[in-house]
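Participant: Have a look at this one before I ask anything.
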Amino acid sequence: MRAFRLVGFVLITALFGVLVPSAAIAQLTEQRTPGLRLLFIDGSETFLVPHATRTALNSLAFQKKLFGFDPKKDVTVLLVDLSDKGNASASTVPNDLVTVQIAPIAYIFETIATNERLNTLMNHELVHISTMDQPATRDRTFRRLFRGKVLPVAEQPESVLYFYLTAPRVAAPRWFHEGIAVFVDTWMAGGLGRAQSGYDEMVFRSMVKDGAPFYDPLGLVSEGTKIDFQLETNSYLYGTRFMTWLARHYSPEKVIAWTARGDRSRAYYSSAFRQQFGIGLSEAWANWTKDEQTFQQANLAAIRKYPITPYRDVTTRPLGSVSRAFFDDKTGKIYAAFNYPGVVSHVGAIDATSGAIERLVAIKGPAMHVVSSLAWDPEGRTLFYTTDNNNWRDLMRLDPATGKTHLLQKDARIGDIVFNHADKALLGIRHLNGICTLVRIRAPYTLST
């Protein structure tokens with residue numbers, strides 16, 4: 001759910017009709033309803049069209065009522081199946097476009113909570129469309145003057161000014177956009193969402209427990225995103241938590257009034273904040289962090305009343321994201337996939353006695369929170385893992401003793417793999433055309449089998 005991620009894709013889409021032969025254009029089917037233009041591949045994605053249309057129109061109606069959003073052109077929604085993980089992105093310059101990856105959403109560690117896949121994606125992305133595209137009278141004047149919203153071009157620095165004059169709220173930081181989108185999509189789902197997420201709660205409680213400093217708004221958009229190896233996760237965490245605090249401390253109505261672009265609102269998001277709340281953004285942010293620390297200290301004090309199960313650290317080195325792990329009793333090693341800052345993501349082995357970590361093989365395209373899908377054959381002394389985890393997954397085999405790897409299936413799109421000791425087969429879940437299928441792969445696990 002990443003706004004601004006596919007600016008290049010928007011340009012490609014705009015040029016699609018000029019540069020691509022008519023046979024390729026024919027692969028996309030267009031369905032129009034008032035306010036919505038849906039693009040999809042007829043046949044493989046047709047079954048999703050009625051539901052995608054309903055969820056998009058329902059969300060648009062909600063955004064119009066909540067933010068006063070009044071789009072002058074139909075919003076384009078493009079359904080694609082280019083990833084094994086459900087996601088979406090939104091852009092409003094030069095036109096309103098939502099791109100939806102129709103694969104199932106990853107719910108690992110409750111990092112995201114939804115009532116239904118397409119409903120949540122449409123709600124979230126159309127909040128982006130509303131808060132970025134809704135114009136004040138001044139914005140509409142410049143859009144008429146420049147014949148639309150201006151896309152900034154690096155070779156023409158003056159285009160940044162024209163861009164800001166036609167779409168000022170697009171220039172707000174990532175935490176602003178993700179914070180309000182998560183806040184509203186949780187609201188729209190009756191409280192089911194990341195604004196009330198156990199994962200988010202755990203992150204901030206852990207920060208307070210460890211004495212980790214909180215980023216201020218400037219630090220978040222600079223250092224806070226550069227060191228974030230989990231793809232802008234901090235923007236979601238901080239933005240959502242701050243919006244929720246504002247709603248609780250002031251009111252949800254004030255949060256909406258700030259994030260909506262009305263005729264009387266200031267164009268710059270920070271100036272609009274002072275206009276709405278009567279204090280500066282930095283001061284409010286500091287008040288939130290103090291309240292968050294006080295709140296979490298009280299929670300920690302309540303937890304500490306009860307003893308914890310005794311444990312021993314196998315290794316004291318932070319390991320970042322870790323896959324499912326397997327213990328090899330013959331070597332005393334723990335096999336898992338790791339992704340942490342400063343080191344290329346990899347399948348590795350931890351010595352359970354010394355804690356020493358051995359890197360076995362690099363992983364191309366690690367998944368955000370689980371790195372890779374991993375399975376272990378203890379008799380065959382073989383590890384199975386997946387690569388290209390954010391695109392179409394490949395199935396790989398690894399000999400941990402020699403470090404040799406072998407590609408078993410290219411673009412198999414199979415994950416959540418497990419090894420069946422009874423018949424030596426691999427079981428996994430395949431994602432294709434938005435559908436999950438349980439599959440069984442017999443040895444030697446190549447496509448021909």
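Residues are referred to by chain and number: the chain letter is A, B, ... according to the order shown in the structure tokens, the number counts from 1 in that chain, and ligands are numbered separately from 1 in the order shown.
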For range 39-131 of chain A against range 361-380 of chain A, with a cut-off of 9 Å and counting only C-alpha atoms, what is the closest atom pair and its distance in Å to one decimal for every residue that makes the cut, ordered by chain and number, as a tab-separated table?
Facilitator:
residue	atom	partner	partner_atom	distance
A:Ile108	CA	A:His369	CA	7.3
A:Phe109	CA	A:His369	CA	8.3
A:Thr111	CA	A:His369	CA	8.8
Participant: Would you put the residues from that selection into a file with C-alpha atoms, as a compact mmCIF listing (two decimals), in the first residue's frame?
Facilitator:
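The resulting file, part_5.txt, is reproduced below:
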# COMPACT_ATOMS: atom_id res chain seq x y z
CA ILE A 108 2.37 -12.57 9.13
CA PHE A 109 2.77 -11.49 12.80
CA THR A 111 1.48 -6.77 10.69
Participant: Report as a list in words all protein, DNA and RNA residues lying within 10 Å of Val439 in chain A, evaluated on only C-alpha atoms, omitting residues in the same chain fewer than 5 positions from it.
Facilitator: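 Result of the neighbour search: Ile414, Gly415, Ile417, Leu426, Leu427, Gly428, Ile429 and Arg430 of chain A.
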Participant: Output C-alpha atoms of each residue in that selection to a file, as a PDB file, in the first residue's frame.
Facilitator:
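Generated file (out_9.pdb):
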ATOM      1  CA  ILE A 414       4.815 -21.372  -4.376  1.00  0.00           C
ATOM      2  CA  GLY A 415       5.473 -20.479  -0.734  1.00  0.00           C
ATOM      3  CA  ILE A 417       6.516 -24.818   1.919  1.00  0.00           C
ATOM      4  CA  LEU A 426       7.041 -30.778  -0.595  1.00  0.00           C
ATOM      5  CA  LEU A 427       3.695 -29.186   0.171  1.00  0.00           C
ATOM      6  CA  GLY A 428       3.129 -25.499  -0.466  1.00  0.00           C
ATOM      7  CA  ILE A 429       0.629 -22.795  -1.355  1.00  0.00           C
ATOM      8  CA  ARG A 430       0.617 -21.378  -4.850  1.00  0.00           C
TER       9      ARG A 430
END
Participant: Could you write out, as an MDAnalysis selection string, all the residues of range 185-241 of chain A that DSSP marks as alpha helix (DSSP H)?
Facilitator: chainID A and resid 185:188 198:210 217:221 223:226 233:241
Participant: With distances taken over only C-alpha atoms, which of A:Phe327, A:Tyr162, A:Tyr250, A:Phe295 is nearest to Val93 in chain A?
Facilitator: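 For Val93 in chain A, the nearest of the candidates is A:Tyr162.
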Participant: Could you check the closest approach to Arg174 in chain A for each of A:His128, A:Lys330, A:Lys65, A:Arg54 and tell me which residue wins, using only C-alpha atoms?
Facilitator: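 Of the candidates, the smallest distance to Arg174 in chain A is held by A:His128.
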Participant: Looking at only C-alpha atoms, which of A:Thr259, A:Ser89, A:Asn115, A:Ser235 is the one that sits closest to Met132 in chain A?
Facilitator: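 The answer is A:Thr259, which sits nearest to Met132 in chain A.
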